[in-house]
Every structure is written in C-alpha cells, then in structure tokens.
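Participant: One structure, pasted below without further comment.
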Amino acid sequence: LAQVFCSDLFIETAPETLILRTPVAAMVRKANLVFVSMLMASVILPQALVVARENPKVPPIAGGWTNTRSPTPEDLAVWDKVITQVNTDLANMGQPVEVSSQVVSGIKYNFTFSNGDQVGVYSVPWLQKLEVSEVKKSAT
C-alpha cells in the first residue's frame with residue numbers, strides 16, 4: 001500500500017484499489033480512468049480483436065501467448081518497422097509466415113520465417129518503443 005500526499009489531496013493506492021479522499025482527487029481519478037480507457041481502446045483492444053478474429057474457437061488466455069497464426073496486416077506493419085527502423089540486417093529474412101503475440105505492458109511478437117528462424121519483438125506503440133528481444137536461428 002502506498003500513500004501519496006499532495007497539498008490537501010490524500011490518496012491511498014494498492015495494486016487493485018485507488019481510494020480518493022477529496023473532490024479534487026475524484027477528478028484526478030476520472031482523468032486517469034479516461035486516459036486508461038483511451039489507451040485500452042486504441043492499442044490493446046484492437047490487438048485482442050485481431051486475436052479473436054483469427055482464433056474464434058480458442059478463448060484467449062489473459063496474459064498468455066496467442067496460438068500461432070498467419071500474420072495480419074497489423075503484424076506485418078510491426079515487422080516492416082523492425083526492418084526499417086530497428087535492425088535492417090533482419091530484412092534478408094523476408095516476410096514472416098507465422099506469428100504469435102502476447103499482450104503485456106506492450107505487445108510481444110514471435111515472428112517465424114519459412115526456414116524456421118524466429119525473431120522476438122517487443123512493441124510499446126504509445127511510447128514509440130520497438131526493439132528486437134531475440135533472434136533464434138533454426139537448427140536446419
């Protein structure tokens with residue numbers, strides 16, 4: 001439990017609770033909820049809808065990896081940014097043939113290529129963060 005004091009504003013926070021003690025604090029809470037709602041609607045929800053559209057019979061696992069699927073246009077857009085802005089050497093791998101993703105404090109991608117190579121990517125679009133987390137070469 002953390003306590004924050006700011007002039008006449010007293011807030012107690014726990015991981016699952018935000019207790020607000022003044023009318024000003026209530027406005028702060030509403031503003032934060034609006035921001036989080038906008039973030040969910042613009043970034044995380046579209047990714048969840050892509051997963052649901054690709055795997056209609058498979059219920060999503062909260063925090064888990066999706067089943068491997070064919071890359072969507074959104075997945076390919078992330079890959080294109082990786083090879084143009086992060087690591088141009090990966091461009092010789094071509095386009096991924098499969099991808100799985102995981103929603104965390106951003107989105108993790110695992111791109112698989114026709115020769116079996118895999119590239120892990122971590123994307124946080126609202127912070128303009130994009131990085132290659134690992135490259136696995138196939139044994140063949």
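In the structure tokens, chains take the letters A, B, ... in the order shown, each chain's residues start at 1, and ligands count up from 1 in the order shown.
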Could you list, as a list in words, every residue within 10 Å of range 77-79 of chain A, counting only C-alpha atoms and ignoring same-chain residues fewer than 2 positions away?
Facilitator: Pro71, Thr72, Pro73, Glu74, Asp75, Lys81, Val82, Ile83, Thr84, Gln85, Val86, Leu90, Ala91, Gly94, Gln95, Pro96, Tyr109, Phe111, Val119, Val121, Tyr122, Ser123, Pro125 and Leu130 of chain A
Participant: Within 12 Å of Asn115 in chain A, counting only C-alpha atoms, which residues qualify if same-chain residues fewer than 6 places away don't, as JSON, numbers by chain?
Facilitator: {"A": [92, 93, 94, 95, 96, 97, 98, 136, 137, 138, 139, 140]}
Participant: For Ser101 in chain A, which residue among A:Leu127, A:Gln118, A:Glu134, A:Thr68 is the nearest when counting only C-alpha atoms?
Facilitator: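 Answer, going by the shortest atom-to-atom distance: A:Thr68.
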